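A.B. asks: Below you'll find final10.csv; it's CSV, C-alpha atoms and all ligand atoms.
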```
chain,number,residue,atom,x,y,z
S,1,MET,CA,280.4,164.7,112.2
S,2,LEU,CA,277.5,162.5,113.1
S,3,GLU,CA,277.1,164.5,116.3
S,4,SER,CA,276.9,167.8,114.4
S,5,SER,CA,274.3,166.6,111.9
S,6,ALA,CA,272.2,165.2,114.7
S,7,CYS,CA,272.4,168.7,116.3
S,8,LEU,CA,271.4,170.3,113.0
S,9,GLU,CA,268.1,168.4,113.1
S,10,VAL,CA,266.9,169.8,116.4
S,11,MET,CA,268.6,173.2,115.9
S,12,SER,CA,266.4,176.2,115.1
S,13,ASN,CA,266.4,179.9,115.8
S,14,MET,CA,265.3,180.7,119.3
S,15,ILE,CA,264.9,183.7,121.5
S,16,LEU,CA,266.2,183.4,125.0
S,17,GLY,CA,264.2,185.1,127.8
S,18,ILE,CA,265.5,186.0,131.3
S,19,GLU,CA,263.0,186.8,134.1
S,20,SER,CA,264.3,188.4,137.3
S,21,THR,CA,261.8,191.0,138.5
S,22,ALA,CA,261.3,189.6,142.1
S,23,HIS,CA,261.6,186.2,143.8
S,24,THR,CA,261.9,184.1,140.6
S,25,LEU,CA,265.0,183.8,138.4
S,26,SER,CA,263.9,182.0,135.2
S,27,PHE,CA,265.3,181.2,131.7
S,28,GLY,CA,263.1,180.2,128.8
S,29,VAL,CA,263.1,179.9,125.1
S,30,VAL,CA,260.7,180.4,122.3
S,31,GLU,CA,261.2,179.4,118.7
S,32,GLU,CA,261.0,182.0,116.0
S,33,ASP,CA,257.7,180.7,114.9
S,34,GLY,CA,256.3,181.2,118.4
S,35,ARG,CA,256.5,177.6,119.8
S,36,ALA,CA,257.1,178.1,123.5
S,37,LYS,CA,259.4,175.8,125.5
S,38,PRO,CA,259.1,175.2,129.3
S,39,SER,CA,261.2,177.5,131.5
S,40,VAL,CA,263.8,176.5,134.1
S,41,SER,CA,263.3,178.5,137.2
S,42,ASN,CA,264.7,178.9,140.7
S,43,LEU,CA,262.6,180.6,143.4
S,44,PHE,CA,264.2,182.7,146.2
S,45,ARG,CA,262.4,181.6,149.5
S,46,PRO,CA,263.3,183.8,152.4
S,47,GLU,CA,263.9,181.9,155.7
S,48,GLU,CA,261.6,184.4,157.4
S,49,GLY,CA,259.8,187.6,156.6
S,50,GLY,CA,259.2,189.0,153.1
S,51,ILE,CA,261.6,189.3,150.2
S,52,HIS,CA,264.7,191.4,150.8
S,53,PRO,CA,265.6,192.7,147.4
S,54,ARG,CA,269.4,192.4,148.0
S,55,GLU,CA,269.1,188.8,149.3
S,56,ALA,CA,266.9,187.9,146.3
S,57,ALA,CA,269.4,189.5,143.9
S,58,ASP,CA,272.3,187.5,145.6
S,59,HIS,CA,270.2,184.3,145.1
S,60,HIS,CA,269.7,185.2,141.4
S,61,SER,CA,273.5,185.8,140.9
S,62,ASP,CA,274.3,182.4,142.4
S,63,ALA,CA,271.6,180.6,140.4
S,64,ALA,CA,272.1,182.2,137.0
S,65,GLY,CA,275.0,180.0,135.6
S,66,ASP,CA,273.3,176.7,136.4
S,67,LEU,CA,269.9,177.8,135.1
S,68,LEU,CA,271.4,179.0,131.8
S,69,SER,CA,273.2,175.6,131.4
S,70,GLN,CA,270.0,173.8,132.2
S,71,VAL,CA,267.8,175.7,129.7
S,72,MET,CA,270.3,175.0,126.9
S,73,LEU,CA,270.6,171.3,127.9
S,74,ILE,CA,266.9,170.5,128.2
S,75,ASN,CA,266.2,172.1,124.8
S,76,SER,CA,269.3,170.6,123.2
S,77,ILE,CA,270.5,174.0,122.0
S,78,SER,CA,273.8,175.8,121.8
S,79,LYS,CA,274.6,179.5,121.7
S,80,SER,CA,274.5,179.4,117.9
S,81,ASP,CA,270.8,178.6,118.0
S,82,ILE,CA,270.0,181.8,119.9
S,83,THR,CA,269.1,184.8,117.7
S,84,ALA,CA,268.3,187.3,120.5
S,85,ILE,CA,268.3,187.8,124.2
S,86,ALA,CA,265.3,189.3,125.9
S,87,PHE,CA,265.2,190.3,129.6
S,88,SER,CA,262.7,191.9,132.0
S,89,GLN,CA,263.6,195.6,132.1
S,90,GLY,CA,260.8,196.4,134.6
S,91,PRO,CA,258.8,196.8,136.7
S,92,GLY,CA,260.3,195.0,139.6
S,93,LEU,CA,262.9,195.2,142.4
S,94,GLY,CA,266.0,197.1,141.2
S,95,PRO,CA,268.7,194.8,142.5
S,96,CYS,CA,266.9,191.7,141.1
S,97,LEU,CA,266.3,193.4,137.7
S,98,ARG,CA,269.9,194.4,137.5
S,99,VAL,CA,271.1,190.8,137.8
S,100,GLY,CA,268.9,189.7,134.9
S,101,ALA,CA,269.9,192.7,132.8
S,102,SER,CA,273.6,192.1,133.4
S,103,VAL,CA,273.4,188.5,132.4
S,104,ALA,CA,271.4,189.5,129.3
S,105,ARG,CA,273.9,192.2,128.3
S,106,ALA,CA,276.9,189.9,128.8
S,107,LEU,CA,275.3,187.1,126.7
S,108,ALA,CA,274.1,189.4,123.9
S,109,ASN,CA,277.6,190.9,123.7
S,110,SER,CA,279.5,187.7,123.8
S,111,TRP,CA,277.1,185.8,121.4
S,112,GLU,CA,276.8,188.9,119.1
S,113,VAL,CA,273.0,188.8,119.0
S,114,PRO,CA,270.4,191.6,119.6
S,115,LEU,CA,269.3,192.6,123.1
S,116,ILE,CA,265.7,193.3,123.9
S,117,GLY,CA,264.5,194.8,127.1
S,118,VAL,CA,260.8,193.9,127.7
S,119,ASN,CA,258.0,195.0,130.0
S,120,HIS,CA,257.2,192.2,132.4
S,121,CYS,CA,253.5,193.0,132.7
S,122,VAL,CA,253.1,193.0,128.9
S,123,ALA,CA,254.9,189.7,128.7
S,124,HIS,CA,252.2,188.1,130.8
S,125,ILE,CA,249.7,189.2,128.2
S,126,GLU,CA,251.7,188.0,125.2
S,127,ILE,CA,252.5,184.5,126.7
S,128,GLY,CA,248.8,184.2,127.5
S,129,ARG,CA,247.8,185.1,123.9
S,130,ASN,CA,250.5,182.7,122.7
S,131,GLN,CA,249.2,179.8,124.8
S,132,THR,CA,245.5,180.2,124.7
S,133,GLY,CA,244.9,181.7,121.2
S,134,CYS,CA,242.8,184.6,122.5
S,135,GLU,CA,243.0,187.6,120.2
S,136,ASP,CA,242.3,190.9,122.0
S,137,PRO,CA,241.5,190.2,125.7
S,138,VAL,CA,241.1,192.1,128.8
S,139,LEU,CA,243.9,190.8,131.0
S,140,LEU,CA,243.3,190.3,134.7
S,141,TYR,CA,246.8,190.3,135.9
S,142,VAL,CA,247.0,189.0,139.5
S,143,SER,CA,250.4,188.3,140.9
S,144,GLY,CA,252.5,188.9,144.0
S,145,GLY,CA,253.4,192.5,143.5
S,146,ASN,CA,250.8,193.5,140.8
S,147,THR,CA,247.1,193.5,140.4
S,148,GLN,CA,245.9,195.2,137.2
S,149,VAL,CA,243.1,195.1,134.7
S,150,ILE,CA,244.6,195.8,131.3
S,151,ALA,CA,243.3,196.2,127.7
S,152,ARG,CA,244.9,197.1,124.4
S,153,ARG,CA,243.8,200.3,122.7
S,154,GLU,CA,245.5,202.6,120.2
S,155,GLY,CA,249.0,201.1,120.4
S,156,ARG,CA,249.3,200.6,124.1
S,157,TYR,CA,248.1,198.2,126.8
S,158,ARG,CA,246.2,200.5,129.0
S,159,VAL,CA,245.7,200.0,132.7
S,160,LEU,CA,241.9,200.3,133.3
S,161,GLY,CA,242.1,199.5,137.0
S,162,GLU,CA,244.6,198.4,139.6
S,163,THR,CA,245.4,198.0,143.2
S,164,LEU,CA,245.9,201.2,145.1
S,165,ASP,CA,248.0,199.5,147.8
S,166,ILE,CA,249.4,195.9,147.8
S,167,GLY,CA,249.2,193.2,145.1
S,168,ILE,CA,246.6,190.4,145.8
S,169,GLY,CA,249.3,187.7,145.9
S,170,ASN,CA,251.2,189.8,148.4
S,171,MET,CA,248.1,190.1,150.5
S,172,LEU,CA,247.6,186.3,150.5
S,173,ASP,CA,251.3,185.7,151.3
S,174,LYS,CA,251.2,188.2,154.2
S,175,PHE,CA,248.1,186.6,155.6
S,176,ALA,CA,249.6,183.2,155.3
S,177,ARG,CA,252.8,184.4,157.0
S,178,SER,CA,250.8,185.8,159.9
S,179,GLN,CA,249.4,182.2,160.4
S,180,GLY,CA,252.8,180.5,160.1
S,181,ILE,CA,252.4,179.3,156.5
S,182,PRO,CA,255.6,179.8,154.5
S,183,PHE,CA,255.9,181.6,151.2
S,184,PRO,CA,254.2,181.3,148.8
S,185,GLY,CA,251.0,181.3,150.8
S,186,GLY,CA,248.5,181.3,148.0
S,187,PRO,CA,248.5,177.6,147.2
S,188,GLU,CA,248.0,176.6,150.9
S,189,ILE,CA,245.2,179.2,151.3
S,190,GLU,CA,243.6,177.6,148.3
S,191,ARG,CA,243.9,174.2,149.8
S,192,LEU,CA,242.5,175.3,153.2
S,193,ALA,CA,239.6,177.2,151.5
S,194,GLY,CA,238.7,174.1,149.4
S,195,ASP,CA,238.8,172.0,152.6
S,196,TRP,CA,236.4,174.4,154.3
S,197,ILE,CA,233.9,174.4,151.5
S,198,SER,CA,233.9,170.7,151.1
S,199,ARG,CA,233.2,170.2,154.8
S,200,ASN,CA,230.7,173.1,154.9
S,201,PRO,CA,228.9,173.2,151.5
S,202,GLU,CA,226.0,175.2,152.9
S,203,CYS,CA,228.1,177.9,154.6
S,204,SER,CA,227.4,181.6,154.1
S,205,LEU,CA,229.6,184.6,153.7
S,206,GLU,CA,227.2,186.5,156.0
S,207,SER,CA,228.9,184.8,159.0
S,208,ILE,CA,232.4,185.9,158.0
S,209,LEU,CA,232.2,189.2,156.1
S,210,LEU,CA,235.4,190.9,155.2
S,211,PRO,CA,236.0,194.4,153.6
S,212,TYR,CA,235.3,194.4,149.8
S,213,GLY,CA,238.0,196.6,148.3
S,214,VAL,CA,236.6,198.0,145.1
S,215,GLN,CA,236.8,201.8,144.4
S,216,GLY,CA,235.4,202.4,140.9
S,217,MET,CA,237.8,200.5,138.7
S,218,ASP,CA,240.5,200.3,141.4
S,219,LEU,CA,241.2,197.7,144.1
S,220,GLY,CA,242.7,197.6,147.5
S,221,PHE,CA,243.8,194.7,149.7
S,222,SER,CA,245.4,196.0,152.8
S,223,GLY,CA,242.0,196.4,154.6
S,224,ILE,CA,241.0,192.8,153.9
S,225,LEU,CA,244.4,191.6,155.1
S,226,THR,CA,244.0,193.4,158.5
S,227,ALA,CA,240.4,192.2,158.9
S,228,ALA,CA,241.3,188.6,158.1
S,229,ILE,CA,244.0,188.6,160.7
S,230,GLN,CA,241.5,190.0,163.2
S,231,LYS,CA,239.0,187.2,162.4
S,232,LYS,CA,241.6,184.7,163.5
S,233,THR,CA,242.1,186.5,166.7
S,234,ALA,CA,238.3,186.5,167.2
S,235,GLY,CA,238.3,182.7,167.0
S,236,HIS,CA,237.2,181.9,163.5
S,237,ASP,CA,238.5,178.7,161.9
S,238,LEU,CA,241.6,179.3,159.7
S,239,SER,CA,240.2,177.4,156.7
S,240,GLU,CA,236.9,179.4,157.0
S,241,ILE,CA,238.9,182.7,156.8
S,242,CYS,CA,240.9,181.4,153.8
S,243,TRP,CA,237.6,180.6,152.0
S,244,SER,CA,236.1,184.0,152.8
S,245,LEU,CA,239.4,185.8,151.9
S,246,GLN,CA,239.4,184.1,148.5
S,247,GLU,CA,235.6,184.8,147.9
S,248,HIS,CA,235.9,188.5,148.7
S,249,SER,CA,239.2,189.3,147.1
S,250,PHE,CA,238.6,187.3,143.9
S,251,SER,CA,235.0,188.7,143.5
S,252,ALA,CA,236.5,192.2,143.7
S,253,CYS,CA,238.9,191.4,140.9
S,254,ILE,CA,236.3,189.7,138.7
S,255,GLU,CA,233.9,192.7,139.2
S,256,VAL,CA,236.5,195.1,137.9
S,257,ALA,CA,237.4,192.8,135.1
S,258,GLU,CA,233.7,192.5,134.1
S,259,ARG,CA,233.3,196.3,134.1
S,260,ALA,CA,236.4,196.6,131.9
S,261,MET,CA,234.9,194.1,129.4
S,262,ALA,CA,231.6,196.0,129.4
S,263,HIS,CA,233.4,199.4,128.8
S,264,THR,CA,235.8,198.2,126.2
S,265,GLY,CA,233.2,195.9,124.4
S,266,LYS,CA,235.8,193.1,124.5
S,267,SER,CA,234.5,189.5,124.9
S,268,GLU,CA,237.7,187.7,126.0
S,269,LEU,CA,239.1,187.7,129.5
S,270,LEU,CA,242.7,186.4,130.0
S,271,LEU,CA,244.1,185.5,133.4
S,272,GLY,CA,247.8,185.9,134.2
S,273,GLY,CA,250.1,186.1,137.2
S,274,GLY,CA,250.7,183.6,139.9
S,275,VAL,CA,247.3,184.0,141.6
S,276,ALA,CA,245.7,182.9,138.3
S,277,CYS,CA,246.9,179.4,139.2
S,278,ASN,CA,243.9,179.4,141.6
S,279,GLU,CA,241.1,177.1,140.5
S,280,ARG,CA,238.4,179.1,142.3
S,281,LEU,CA,239.5,182.3,140.6
S,282,ARG,CA,239.5,180.5,137.2
S,283,GLN,CA,236.0,179.2,137.9
S,284,MET,CA,234.7,182.7,138.9
S,285,ALA,CA,236.2,184.1,135.7
S,286,SER,CA,234.6,181.5,133.5
S,287,ILE,CA,231.2,181.9,135.2
S,288,MET,CA,231.3,185.7,134.7
S,289,CYS,CA,232.3,185.4,131.1
S,290,GLN,CA,229.7,182.7,130.3
S,291,GLU,CA,227.0,184.9,131.9
S,292,ARG,CA,227.8,187.8,129.5
S,293,GLY,CA,228.4,185.7,126.5
S,294,GLY,CA,232.2,186.0,126.5
S,295,ARG,CA,235.0,183.6,127.1
S,296,SER,CA,237.7,183.3,129.7
S,297,TYR,CA,241.2,182.0,129.0
S,298,SER,CA,243.8,180.7,131.4
S,299,PRO,CA,247.2,179.6,130.4
S,300,SER,CA,248.7,176.5,132.1
S,301,LYS,CA,250.1,177.3,135.6
S,302,GLU,CA,253.7,177.2,134.5
S,303,TYR,CA,252.9,180.2,132.2
S,304,CYS,CA,250.8,182.1,134.9
S,305,VAL,CA,253.7,182.4,137.4
S,306,ASP,CA,256.7,184.5,136.4
S,307,ASN,CA,258.8,182.6,133.8
S,308,GLY,CA,261.5,183.2,131.3
S,309,THR,CA,259.5,181.9,128.4
S,310,MET,CA,257.0,184.8,128.6
S,311,ILE,CA,260.0,187.2,128.4
S,312,ALA,CA,261.3,185.3,125.3
S,313,GLU,CA,257.8,185.4,123.7
S,314,LEU,CA,257.5,189.2,124.0
S,315,GLY,CA,261.1,189.5,122.9
S,316,ARG,CA,260.2,187.4,119.8
S,317,LYS,CA,257.4,189.8,118.9
S,318,MET,CA,259.5,192.9,119.5
S,319,LEU,CA,262.3,191.4,117.4
S,320,GLU,CA,259.9,190.7,114.6
S,321,SER,CA,258.7,194.3,114.7
S,322,GLY,CA,262.3,195.7,114.9
S,323,SER,CA,262.1,196.9,118.5
S,324,LEU,CA,265.6,196.2,119.8
S,325,THR,CA,267.3,197.8,122.8
S,326,ALA,CA,270.6,199.5,122.4
S,327,LEU,CA,273.1,198.9,125.1
S,328,GLN,CA,272.9,202.6,126.3
S,329,ASP,CA,269.1,202.2,126.7
S,330,SER,CA,269.2,198.9,128.6
S,331,ALA,CA,269.2,200.3,132.1
S,332,VAL,CA,266.5,198.7,134.3
S,333,CYS,CA,263.2,200.6,135.1
S,334,PRO,CA,261.9,199.4,138.4
S,335,GLY,CA,258.8,201.7,138.1
S,336,LEU,CA,258.0,200.8,134.4
S,337,ARG,CA,254.3,201.1,133.8
S,338,THR,CA,252.3,198.8,131.5
S,339,ASP,CA,251.2,201.7,129.3
S,340,GLN,CA,254.7,203.1,128.8
S,341,THR,CA,255.5,200.4,126.3
S,342,ILE,CA,254.5,201.2,122.7
S,343,VAL,CA,253.0,198.1,121.2
S,344,THR,CA,254.7,197.7,117.8
S,345,TRP,CA,253.5,194.1,117.1
S,346,HIS,CA,250.2,192.4,116.3
S,401,LIG,P1,254.1,185.8,140.5
S,401,LIG,O1,254.4,187.1,141.3
S,401,LIG,O2,253.2,186.1,139.3
S,401,LIG,O3,255.2,184.9,140.3
S,401,LIG,O4,253.1,184.9,141.5
S,401,LIG,C1,253.4,184.6,142.8
S,401,LIG,C2,252.2,184.8,143.6
S,401,LIG,O5,251.2,183.9,143.2
S,401,LIG,C3,252.4,184.6,145.1
S,401,LIG,O6,251.8,185.6,145.8
S,401,LIG,C4,251.7,183.2,145.4
S,401,LIG,O7,251.1,183.1,146.7
S,401,LIG,C5,250.5,183.3,144.4
S,401,LIG,N1,250.0,182.0,144.0
S,401,LIG,C6,250.6,181.0,143.5
S,401,LIG,N2,249.7,179.9,143.4
S,401,LIG,C7,248.5,180.4,143.9
S,401,LIG,C8,247.3,179.7,144.1
S,401,LIG,N3,247.1,178.5,143.7
S,401,LIG,N4,246.3,180.5,144.6
S,401,LIG,C9,246.5,181.8,145.0
S,401,LIG,N5,247.7,182.4,144.8
S,401,LIG,C10,248.7,181.7,144.3
S,402,MG,MG,254.5,188.7,137.2
```
As structure tokens, what does this structure read like?
C.D. replies:
Amino acid sequence: MLESSACLEVMSNMILGIESTAHTLSFGVVEEDGRAKPSVSNLFRPEEGGIHPREAADHHSDAAGDLLSQVMLINSISKSDITAIAFSQGPGLGPCLRVGASVARALANSWEVPLIGVNHCVAHIEIGRNQTGCEDPVLLYVSGGNTQVIARREGRYRVLGETLDIGIGNMLDKFARSQGIPFPGGPEIERLAGDWISRNPECSLESILLPYGVQGMDLGFSGILTAAIQKKTAGHDLSEICWSLQEHSFSACIEVAERAMAHTGKSELLLGGGVACNERLRQMASIMCQERGGRSYSPSKEYCVDNGTMIAELGRKMLESGSLTALQDSAVCPGLRTDQTIVTWH
């Protein structure tokens, strides 16, 4: 009796979110009033090479039971506290998405709560708005597989510019791998770049130019990847290349984001995706925004990387606006585009 009344005190209605688009399996919850709780996550790290979708999916199947128990435990909740299950419906790797979707369907069915399939890219925006309080931002979404500049207009989040080849995080990871640095390479590249600039505060990009991949509002990173690998073969210091790689590729993203702000007339820039953990990128974003009288917003790192809480947050907004997903419509969409999702919430 005592135990159940203690439970009642912490009990509240929560939306459970499941993220499984690529290397990360993550569960997170958000309370119905929008208070976000930290996610519990498990990252698939390949022993060598890139992510094999089937191997990542096997990892997710193995990890799902434990992560679900953990998220319930750390938030002191039981199944009766969950009012809906949200899951990443796309975009992402088919086998990985299917694991998250299967877990979500099974839970929704057995706990008799609604199912909500959400757009992963849009979830990055909504957790960013939730965490930073920005209203109507341009989102610079920089992750492993995606690089997009997005803004809301007439009921959709529109893609104003994007990579035409690989994602910026993927480029950083591939360069890192070519130098024997394990996945994820971005944090180590950031460390090496910082090390270079602190040892060489007067250095100039002129001595280590790399391709600058901006095509109008679009971006490209495969050229800079090849050129960076060549710089190493030509004898440049690895930390100098990491610094130049960051300066060039981040400037390209900030340039497109700035143009998007100018064209849309929006004054807020929101960063999202794993690469947004990078302090130099955050600094560039805030300098650009200050110079044009705007403001840049960056959620804490746990909400930049892929996480279950962001899926729960978009699920919460969709639940509020009545956008539920019927079982027959819950198939995963690996190629789902940001602007395919109709925005039914504020
Ligand atoms: P996501 O796909 O959003 O989960 O983000 C993963 C990507 O973020 C990987 O490509 C990582 O290398 C990259 N990443 C994580 N932390 C950093 C960092 N500090 N600097 C640059 N890239 C990072
Ligand atoms: Mg992502």
A.B. asks: Could you tell me which of S:Ile311, S:Leu172, S:Ala262, S:Val305 comes closest to Arg292 (chain S) if we count only C-alpha atoms?
C.D. replies: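 Closest residue, counting only C-alpha atoms: S:Ala262.
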A.B. asks: Tell me, in Å to one decimal, how far CA of Ile229 (chain S) is from CA of Ile208 (chain S).
C.D. replies: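 Computed distance, CA of Ile229 (chain S) to CA of Ile208 (chain S), equals 12.2 Å.
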A.B. asks: Restricting the calculation to all atoms listed in the file, which member of S:Met72, S:Leu281, S:Ala108, S:Ala151 is positioned closest to ligand LIG 401 (chain S)?
C.D. replies: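 Under the stated criterion, the closest residue is S:Leu281.
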A.B. asks: Using only C-alpha atoms, which residues sit within 12 Å of Glu255 (chain S) once same-chain residues fewer than 4 positions away are excluded, as a PDB file with C-alpha atoms, in the frame of the given file?
C.D. replies:
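selection_37.pdb, written as the output of this step:
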```
ATOM      1  CA  LEU S 140     243.300 190.300 134.700  1.00  0.00           C
ATOM      2  CA  VAL S 149     243.100 195.100 134.700  1.00  0.00           C
ATOM      3  CA  GLY S 161     242.100 199.500 137.000  1.00  0.00           C
ATOM      4  CA  TYR S 212     235.300 194.400 149.800  1.00  0.00           C
ATOM      5  CA  GLY S 213     238.000 196.600 148.300  1.00  0.00           C
ATOM      6  CA  VAL S 214     236.600 198.000 145.100  1.00  0.00           C
ATOM      7  CA  GLN S 215     236.800 201.800 144.400  1.00  0.00           C
ATOM      8  CA  GLY S 216     235.400 202.400 140.900  1.00  0.00           C
ATOM      9  CA  MET S 217     237.800 200.500 138.700  1.00  0.00           C
ATOM     10  CA  ASP S 218     240.500 200.300 141.400  1.00  0.00           C
ATOM     11  CA  LEU S 219     241.200 197.700 144.100  1.00  0.00           C
ATOM     12  CA  GLU S 247     235.600 184.800 147.900  1.00  0.00           C
ATOM     13  CA  HIS S 248     235.900 188.500 148.700  1.00  0.00           C
ATOM     14  CA  SER S 249     239.200 189.300 147.100  1.00  0.00           C
ATOM     15  CA  PHE S 250     238.600 187.300 143.900  1.00  0.00           C
ATOM     16  CA  SER S 251     235.000 188.700 143.500  1.00  0.00           C
ATOM     17  CA  ARG S 259     233.300 196.300 134.100  1.00  0.00           C
ATOM     18  CA  ALA S 260     236.400 196.600 131.900  1.00  0.00           C
ATOM     19  CA  MET S 261     234.900 194.100 129.400  1.00  0.00           C
ATOM     20  CA  ALA S 262     231.600 196.000 129.400  1.00  0.00           C
ATOM     21  CA  LEU S 281     239.500 182.300 140.600  1.00  0.00           C
ATOM     22  CA  MET S 284     234.700 182.700 138.900  1.00  0.00           C
ATOM     23  CA  ALA S 285     236.200 184.100 135.700  1.00  0.00           C
ATOM     24  CA  ILE S 287     231.200 181.900 135.200  1.00  0.00           C
ATOM     25  CA  MET S 288     231.300 185.700 134.700  1.00  0.00           C
ATOM     26  CA  CYS S 289     232.300 185.400 131.100  1.00  0.00           C
TER      27      CYS S 289
END
```
A.B. asks: Could you tell me, as a list in words, which residues have any atom at most 6 Å from (271.9, 191.8, 143.0), counting all atoms listed in the file?
C.D. replies: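 Answer for this query, in the requested form: Arg54, Ala57, Asp58, Pro95, Cys96 and Val99 of chain S.
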A.B. asks: Only C-alpha atoms, please: the residues just picked out, written as a PDB file, in the coordinates of the input.
C.D. replies:
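Below is the file that was written, out-v3.pdb:
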```
ATOM      1  CA  ARG S  54     269.400 192.400 148.000  1.00  0.00           C
ATOM      2  CA  ALA S  57     269.400 189.500 143.900  1.00  0.00           C
ATOM      3  CA  ASP S  58     272.300 187.500 145.600  1.00  0.00           C
ATOM      4  CA  PRO S  95     268.700 194.800 142.500  1.00  0.00           C
ATOM      5  CA  CYS S  96     266.900 191.700 141.100  1.00  0.00           C
ATOM      6  CA  VAL S  99     271.100 190.800 137.800  1.00  0.00           C
TER       7      VAL S  99
END
```
A.B. asks: Report, in Å to a single decimal, how far apart CA of Val332 (chain S) and CA of Gly65 (chain S) are.
C.D. replies: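 The value is 20.6 Å.
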A.B. asks: Residues of chain S that have any atom at most 6 Å from an atom of ligand LIG 401 (chain S): could you tabulate them with the shortest-distance atom pair and the distance in Å to one decimal, using all atoms listed in the file, ordered by chain and increasing number, as CSV?
C.D. replies:
```
residue,atom,partner,partner_atom,distance
S:Ser143,CA,S:LIG401,O2,3.9
S:Gly144,CA,S:LIG401,O1,3.8
S:Gly145,CA,S:LIG401,O1,5.9
S:Gly169,CA,S:LIG401,O6,3.3
S:Asn170,CA,S:LIG401,O6,5.0
S:Asp173,CA,S:LIG401,O7,5.3
S:Pro184,CA,S:LIG401,O7,4.2
S:Gly185,CA,S:LIG401,O7,4.5
S:Gly186,CA,S:LIG401,O7,3.4
S:Pro187,CA,S:LIG401,N3,3.9
S:Glu190,CA,S:LIG401,N4,5.4
S:Gly273,CA,S:LIG401,O2,3.7
S:Gly274,CA,S:LIG401,O4,3.2
S:Val275,CA,S:LIG401,N5,3.6
S:Cys277,CA,S:LIG401,N3,4.6
S:Asn278,CA,S:LIG401,N3,3.9
S:Val305,CA,S:LIG401,O3,4.1
S:Asp306,CA,S:LIG401,O3,4.2
```
A.B. asks: How would the residues just picked look written out with C-alpha atoms as an mmCIF file, keeping the file's coordinate frame?
C.D. replies:
```
data_model
loop_
_atom_site.group_PDB
_atom_site.id
_atom_site.type_symbol
_atom_site.label_atom_id
_atom_site.label_comp_id
_atom_site.auth_asym_id
_atom_site.auth_seq_id
_atom_site.Cartn_x
_atom_site.Cartn_y
_atom_site.Cartn_z
ATOM 1 C CA SER S 143 250.400 188.300 140.900
ATOM 2 C CA GLY S 144 252.500 188.900 144.000
ATOM 3 C CA GLY S 145 253.400 192.500 143.500
ATOM 4 C CA GLY S 169 249.300 187.700 145.900
ATOM 5 C CA ASN S 170 251.200 189.800 148.400
ATOM 6 C CA ASP S 173 251.300 185.700 151.300
ATOM 7 C CA PRO S 184 254.200 181.300 148.800
ATOM 8 C CA GLY S 185 251.000 181.300 150.800
ATOM 9 C CA GLY S 186 248.500 181.300 148.000
ATOM 10 C CA PRO S 187 248.500 177.600 147.200
ATOM 11 C CA GLU S 190 243.600 177.600 148.300
ATOM 12 C CA GLY S 273 250.100 186.100 137.200
ATOM 13 C CA GLY S 274 250.700 183.600 139.900
ATOM 14 C CA VAL S 275 247.300 184.000 141.600
ATOM 15 C CA CYS S 277 246.900 179.400 139.200
ATOM 16 C CA ASN S 278 243.900 179.400 141.600
ATOM 17 C CA VAL S 305 253.700 182.400 137.400
ATOM 18 C CA ASP S 306 256.700 184.500 136.400
#
```
A.B. asks: CA of His120 (chain S) to CA of Lys174 (chain S): how many Å, to one decimal?
C.D. replies: 23.0 Å
A.B. asks: List all protein, DNA and RNA residues that have an atom no more than 12 Å from any atom of ligand MG 402 (chain S), counting all atoms listed in the file, and report them as number ranges by chain.
C.D. replies: S: 19-26, 88, 90-93, 119-125, 127, 140-148, 167-170, 271-276, 302-308, 310-311, 338
A.B. asks: Only N, CA and C atoms needed: put region 82-91 of chain S from the block into a file as a CSV table (one decimal), in the first residue's frame.
C.D. replies:
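This is the output file decode.csv:
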```csv
chain,number,residue,atom,x,y,z
S,82,ILE,N,2.7,5.2,-19.1
S,82,ILE,CA,3.0,5.5,-20.5
S,82,ILE,C,1.7,5.7,-21.3
S,83,THR,N,1.5,6.9,-21.9
S,83,THR,CA,0.3,7.2,-22.6
S,83,THR,C,0.4,7.0,-24.1
S,84,ALA,N,1.6,6.9,-24.7
S,84,ALA,CA,1.8,6.7,-26.1
S,84,ALA,C,3.2,6.2,-26.4
S,85,ILE,N,3.4,5.5,-27.5
S,85,ILE,CA,4.7,5.0,-27.9
S,85,ILE,C,5.0,5.7,-29.2
S,86,ALA,N,6.1,6.5,-29.2
S,86,ALA,CA,6.6,7.1,-30.5
S,86,ALA,C,7.8,6.4,-31.0
S,87,PHE,N,8.0,6.2,-32.3
S,87,PHE,CA,9.2,5.6,-32.8
S,87,PHE,C,9.6,6.3,-34.1
S,88,SER,N,10.9,6.2,-34.4
S,88,SER,CA,11.5,6.8,-35.6
S,88,SER,C,11.0,5.9,-36.8
S,89,GLN,N,10.2,6.6,-37.7
S,89,GLN,CA,9.7,5.8,-38.8
S,89,GLN,C,10.6,6.0,-40.0
S,90,GLY,N,11.4,7.0,-40.0
S,90,GLY,CA,12.4,7.2,-41.1
S,90,GLY,C,12.9,8.7,-40.9
S,91,PRO,N,13.9,9.1,-41.7
S,91,PRO,CA,14.7,8.3,-42.6
S,91,PRO,C,15.8,7.5,-41.8
```
